[in-house]
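Pasting target_13.txt here (compact mmCIF, C-alpha atoms):
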# COMPACT_ATOMS: atom_id res chain seq x y z
CA MET A 1077 -55.81 -80.86 -29.17
CA SER A 1078 -58.88 -80.66 -27.03
CA PHE A 1079 -61.20 -77.69 -26.84
CA ASN A 1080 -59.93 -76.70 -23.40
CA GLN A 1081 -56.37 -76.78 -24.59
CA LYS A 1082 -57.24 -74.57 -27.53
CA THR A 1083 -59.00 -72.16 -25.21
CA ASN A 1084 -56.01 -71.95 -22.89
CA VAL A 1085 -53.63 -71.34 -25.78
CA HIS A 1086 -55.87 -68.57 -27.09
CA LYS A 1087 -56.02 -66.91 -23.66
CA GLU A 1088 -52.26 -67.11 -23.26
CA HIS A 1089 -51.81 -65.63 -26.72
CA ILE A 1090 -54.07 -62.72 -25.86
CA GLN A 1091 -52.23 -62.15 -22.54
CA LEU A 1092 -48.85 -62.15 -24.30
CA LYS A 1093 -50.08 -59.61 -26.86
CA GLN A 1094 -51.44 -57.42 -24.05
CA ARG A 1095 -48.16 -57.61 -22.19
CA LEU A 1096 -46.26 -56.82 -25.39
CA LEU A 1097 -48.45 -53.78 -26.01
CA HIS A 1098 -47.95 -52.70 -22.40
CA TYR A 1099 -44.16 -52.94 -22.59
CA ARG A 1100 -44.13 -51.19 -25.95
CA SER A 1101 -46.24 -48.43 -24.47
CA GLU A 1102 -43.90 -48.19 -21.46
CA THR A 1103 -40.91 -48.12 -23.77
CA VAL A 1104 -42.37 -45.29 -25.82
CA LYS A 1105 -43.23 -43.38 -22.68
CA ASN A 1106 -39.74 -43.93 -21.19
CA GLU A 1107 -38.11 -42.90 -24.45
CA ARG A 1108 -40.19 -39.70 -24.42
CA LEU A 1109 -39.20 -39.00 -20.81
CA LEU A 1110 -35.57 -39.73 -21.66
CA ARG A 1111 -35.65 -37.23 -24.52
CA GLN A 1112 -37.21 -34.66 -22.19
CA GLN A 1113 -34.52 -35.30 -19.59
CA GLU A 1114 -31.79 -35.04 -22.21
CA LYS A 1115 -33.29 -31.76 -23.37
CA LYS A 1116 -33.34 -30.49 -19.77
CA LEU A 1117 -29.76 -31.64 -19.24
CA LEU A 1118 -28.63 -29.81 -22.38
CA GLU A 1119 -30.44 -26.67 -21.23
CA GLN A 1120 -28.90 -26.93 -17.74
CA LYS A 1121 -25.46 -27.50 -19.28
CA ARG A 1122 -25.91 -24.38 -21.40
CA ILE A 1123 -26.87 -22.39 -18.30
CA ILE A 1124 -23.92 -23.80 -16.31
CA ASP A 1125 -21.51 -22.99 -19.16
CA GLY A 1126 -22.86 -19.45 -19.31
CA LEU A 1127 -22.55 -18.97 -15.54
CA THR A 1128 -19.02 -20.42 -15.58
CA ASP A 1129 -17.96 -18.02 -18.34
CA ARG A 1130 -19.47 -15.10 -16.41
CA LEU A 1131 -17.70 -16.12 -13.21
CA GLU A 1132 -14.38 -16.29 -15.05
CA GLU A 1133 -15.06 -12.89 -16.58
CA LEU A 1134 -15.86 -11.38 -13.17
CA ALA A 1135 -12.76 -13.00 -11.62
CA GLN A 1136 -10.54 -11.52 -14.34
CA GLN A 1137 -12.18 -8.14 -13.92
CA ALA A 1138 -11.71 -8.29 -10.13
CA GLU A 1139 -8.05 -9.21 -10.59
CA LYS A 1140 -7.54 -6.28 -12.95
CA ASN A 1141 -9.31 -3.92 -10.54
CA SER A 1142 -7.24 -5.24 -7.64
CA GLY A 1143 -4.05 -4.67 -9.59
CA ALA A 1144 -5.18 -1.17 -10.51
CA ASN A 1145 -6.05 -0.41 -6.87
CA ASP A 1146 -2.68 -1.73 -5.69
CA TYR A 1147 -0.92 0.40 -8.28
CA GLU A 1148 -2.96 3.44 -7.30
CA GLN A 1149 -2.29 2.89 -3.61
CA ASN A 1150 1.43 2.30 -4.18
CA SER A 1151 1.66 5.33 -6.46
CA THR A 1152 -0.01 7.60 -3.90
CA ARG A 1153 1.82 6.27 -0.83
CA GLN A 1154 5.00 8.21 -0.29
CA ALA A 1155 7.26 9.55 2.41
CA ILE A 1156 6.90 13.33 2.69
CA ILE A 1157 9.92 14.46 4.70
CA VAL A 1158 10.08 17.89 6.34
CA PRO A 1159 13.44 18.51 8.11
CA TYR A 1160 14.31 21.70 10.00
CA PHE A 1161 16.51 23.08 12.79
CA SER A 1162 15.23 24.31 16.13
CA TYR A 1163 18.10 26.06 17.94
CA SER A 1164 19.26 28.89 20.14
CA ILE A 1165 22.57 30.76 20.34
CA LEU A 1166 24.15 31.54 23.71
CA ALA A 1167 26.80 34.21 23.29
CA PRO A 1168 28.93 35.81 26.04
CA SER A 1169 28.39 39.49 26.79
CA THR A 1170 32.05 40.24 26.04
CA PHE A 1171 34.39 38.44 23.67
CA GLU A 1172 37.56 37.79 25.54
CA GLU A 1173 40.13 35.10 25.03
CA ASP A 1174 38.88 31.59 25.83
CA GLU A 1175 35.23 32.68 25.67
CA THR A 1176 32.89 30.46 23.66
CA VAL A 1177 29.69 30.82 21.70
CA LEU A 1178 27.33 27.91 22.29
CA VAL A 1179 24.68 26.73 19.86
CA LYS A 1180 22.11 24.31 21.29
CA GLY A 1181 19.34 22.75 19.28
CA HIS A 1182 17.57 19.87 17.58
CA PHE A 1183 17.47 18.65 14.01
CA VAL A 1184 13.85 17.61 13.52
CA ILE A 1185 12.69 15.20 10.79
CA GLU A 1186 8.94 14.96 10.28
CA ASN A 1187 7.43 12.35 7.98
CA LYS A 1188 4.10 13.79 6.94
CA GLY A 1189 3.54 11.14 4.27
CA THR A 1190 1.73 7.81 4.16
CA ALA A 1191 4.83 5.63 3.68
CA PRO A 1192 7.97 5.20 5.80
CA LEU A 1193 11.39 6.57 4.93
CA SER A 1194 13.72 3.56 4.83
CA THR A 1195 17.39 3.64 5.88
CA PRO A 1196 17.36 7.31 6.96
CA ILE A 1197 20.63 9.26 7.00
CA ILE A 1198 21.27 12.88 7.88
CA CYS A 1199 24.11 15.18 6.93
CA LEU A 1200 24.93 18.28 8.96
CA ALA A 1201 27.33 20.36 6.87
CA PHE A 1202 29.42 23.23 8.26
CA ASN A 1203 30.41 25.90 5.76
CA LYS A 1204 33.89 25.93 7.32
CA PRO A 1205 35.43 22.58 8.38
CA GLU A 1206 37.59 24.29 10.99
CA LEU A 1207 34.41 25.32 12.82
CA ALA A 1208 32.97 21.77 12.83
CA ASN A 1209 32.55 20.99 16.51
CA LEU A 1210 29.42 18.95 17.10
CA THR A 1211 28.41 16.95 20.15
CA GLY A 1212 25.11 15.27 20.94
CA LYS A 1213 23.50 11.85 21.10
CA ILE A 1214 26.19 10.25 18.98
CA ASN A 1215 27.51 6.81 19.90
CA ARG A 1216 31.24 7.19 19.52
CA PRO A 1217 33.27 3.98 19.94
CA ARG A 1218 35.93 4.15 22.61
CA ALA A 1219 34.65 7.50 23.88
CA PRO A 1220 35.28 8.20 27.59
CA LYS A 1221 32.36 7.23 29.79
CA ASP A 1222 31.93 10.80 31.02
CA HIS A 1223 32.07 12.27 27.52
CA VAL A 1224 29.05 14.44 26.74
CA ALA A 1225 28.52 12.54 23.49
CA GLN A 1226 28.26 9.11 25.12
CA MET A 1227 24.50 8.58 25.26
CA ASN A 1228 21.95 5.85 25.61
CA GLU A 1229 22.34 3.63 22.56
CA SER A 1230 18.60 3.10 22.23
CA ASP A 1231 17.95 6.73 21.29
CA GLY A 1232 21.40 7.65 19.99
CA TRP A 1233 22.79 8.17 16.53
CA SER A 1234 25.89 6.68 14.96
CA PHE A 1235 28.35 7.81 12.35
CA LEU A 1236 27.72 6.38 8.91
CA GLU A 1237 31.33 5.23 8.88
CA GLU A 1238 33.62 4.34 11.76
CA SER A 1239 36.00 7.18 10.89
CA GLY A 1240 33.12 9.62 10.47
CA ASP A 1241 34.20 11.78 13.41
CA ALA A 1242 37.67 12.33 11.96
CA GLN A 1243 36.26 12.89 8.48
CA ALA A 1244 33.86 15.50 9.83
CA LYS A 1245 36.83 17.50 11.14
CA GLU A 1246 38.31 17.48 7.63
CA THR A 1247 35.20 17.96 5.49
CA GLY A 1248 32.87 19.78 7.88
CA GLN A 1249 30.18 17.17 7.20
CA TYR A 1250 28.66 14.95 9.88
CA TRP A 1251 26.99 11.89 8.33
CA LEU A 1252 24.77 10.21 10.93
CA LYS A 1253 22.18 7.45 11.05
CA PRO A 1254 19.60 6.67 13.75
CA LYS A 1255 19.27 3.30 15.44
CA ALA A 1256 15.84 2.82 13.83
CA ALA A 1257 15.82 1.35 10.33
CA GLU A 1258 13.06 3.68 9.13
CA ILE A 1259 11.05 6.76 9.96
CA PRO A 1260 7.40 5.59 9.98
CA ALA A 1261 4.64 7.52 8.29
CA LEU A 1262 3.16 10.37 10.33
CA SER A 1263 6.00 10.32 12.85
CA THR A 1264 8.90 12.49 13.96
CA VAL A 1265 12.55 11.65 14.62
CA MET A 1266 15.06 14.07 16.12
CA PHE A 1267 18.77 14.41 16.43
CA SER A 1268 18.17 16.16 19.71
CA ASN A 1269 20.12 18.28 22.17
CA PHE A 1270 23.20 18.74 20.01
CA GLU A 1271 25.74 21.41 20.85
CA ILE A 1272 28.23 23.42 18.83
CA GLN A 1273 30.97 25.22 20.75
CA LEU A 1274 32.96 27.95 19.06
CA PRO A 1275 36.01 29.36 20.87
CA MET A 1276 36.23 33.13 20.36
CA ALA A 1277 39.00 35.72 20.71
CA ALA A 1278 38.49 39.44 21.19
CA THR A 1279 39.72 40.26 17.70
CA SER A 1280 38.07 37.39 15.82
CA SER A 1281 35.07 37.49 13.50
CA VAL A 1282 33.08 34.47 12.43
CA ALA A 1283 30.37 33.78 9.86
CA MET A 1284 29.13 30.26 10.47
CA GLN A 1285 26.41 28.31 8.72
CA VAL A 1286 25.24 24.73 9.21
CA ASN A 1287 22.95 23.16 6.61
CA GLY A 1288 20.99 19.95 7.13
CA PHE A 1289 19.98 17.24 4.68
CA VAL A 1290 17.97 14.02 4.97
CA TYR A 1291 18.49 10.96 2.76
CA GLY A 1292 16.77 7.57 2.49
CA ASP A 1293 15.96 4.80 0.07
CA GLU A 1294 12.91 6.75 -1.13
CA HIS A 1295 14.85 10.04 -1.37
CA PRO A 1296 18.42 9.21 -2.45
CA GLU A 1297 18.87 12.72 -3.84
CA GLY A 1298 18.49 14.23 -0.37
CA ILE A 1299 16.03 16.72 1.10
CA PRO A 1300 17.41 20.03 2.43
CA ALA A 1301 16.21 21.42 5.72
CA LEU A 1302 13.73 24.28 5.68
CA ASN A 1303 16.21 26.48 7.52
CA ALA A 1304 19.88 26.59 8.50
CA ILE A 1305 21.88 27.50 11.58
CA ALA A 1306 23.48 30.80 10.67
CA PHE A 1307 25.07 33.69 12.52
CA THR A 1308 27.82 36.22 12.09
CA LEU A 1309 29.98 37.69 14.85
CA VAL A 1310 32.24 40.62 14.08

Whole structure given in structure tokens:
Amino acid sequence: MSFNQKTNVHKEHIQLKQRLLHYRSETVKNERLLRQQEKKLLEQKRIIDGLTDRLEELAQQAEKNSGANDYEQNSTRQAIIVPYFSYSILAPSTFEEDETVLVKGHFVIENKGTAPLSTPIICLAFNKPELANLTGKINRPRAPKDHVAQMNESDGWSFLEESGDAQAKETGQYWLKPKAAEIPALSTVMFSNFEIQLPMAATSSVAMQVNGFVYGDEHPEGIPALNAIAFTLV
């Protein structure tokens, strides 16, 4: 091997060693950076896991609070029903045969609550069935067109049962339902402009009383009216 060849081999050897040192140095540096990145990734994962757990905790807490609020709202929402009669009595000055006493009035149902009364029903109960003579906005099937009880169906009432009119004559109780399916909160419904006619004779005496009750899905036990229609004629 010539001198030049030896020199070239020596130079190449030195260059290879330098390159090897360089790559080893780069490898060490990259390994250090990799460990730093792995450490950062572990720290970020720990933070993410902590945030995820906190989010789940807050979501569960919000769900519990929502359920509690719904329960509180549902427990405080109720239909507060206030029924009462508004009426007047028109009596003749003398009680002769074929004279009549006329009672005209309204049965008012106020819902002062924050929830509707569903499936409302009213009962107007006469103390004496023989005195039960009620006309008003009641939709009676097959009633004559000029009958005073034949009213506009949109604002009329109906008997709870088809034979309710006949039953009322026997029991003294008129069970009626409005066309509307509920009485909304903070609203008023009336069985309006009803009439009660009582034939009188000169020698007769009458003590009549009509009580009112309101029923619904929320009040199946019934709510009595604040007052009653009551009068006595001797």

Work out where the centre of an axis-aligned box around every listed atom of segment 1257-1265 of chain A lies and how long its edges are once 8 Å is added on each side; give both in Å to one decimal as AutoDock Vina command-line options.
--center_x 9.5 --center_y 6.9 --center_z 11.5 --size_x 28.7 --size_y 27.1 --size_z 22.3

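Using all atoms listed in the file for every distance, the candidate list A:Arg1111, A:Lys1255, A:Lys1180, A:His1295 yields A:Lys1180 as the residue closest to Thr1211 of chain A.
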
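Our summary of the geometry notes that atom CA of Gly1232 of chain A is positioned 10.9 Å from atom CA of Asn1269 of chain A.
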
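These residues, each with an atom at most 12 Å from (22.3, 32.7, 18.2) using all atoms listed in the file, are Ser1162, Tyr1163, Ser1164, Ile1165, Leu1166, Ala1167, Pro1168, Val1177, Leu1178, Val1179, Lys1180, Gly1181, Ile1272, Gln1273, Leu1274, Ala1283, Met1284, Gln1285, Ala1304, Ile1305, Ala1306, Phe1307, Thr1308 and Leu1309 of chain A.
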
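For the choices A:Phe1183, A:Tyr1160, A:Tyr1250, A:Phe1202, the atom-to-atom distance to Leu1302 of chain A is smallest for A:Tyr1160 when using all atoms listed in the file.
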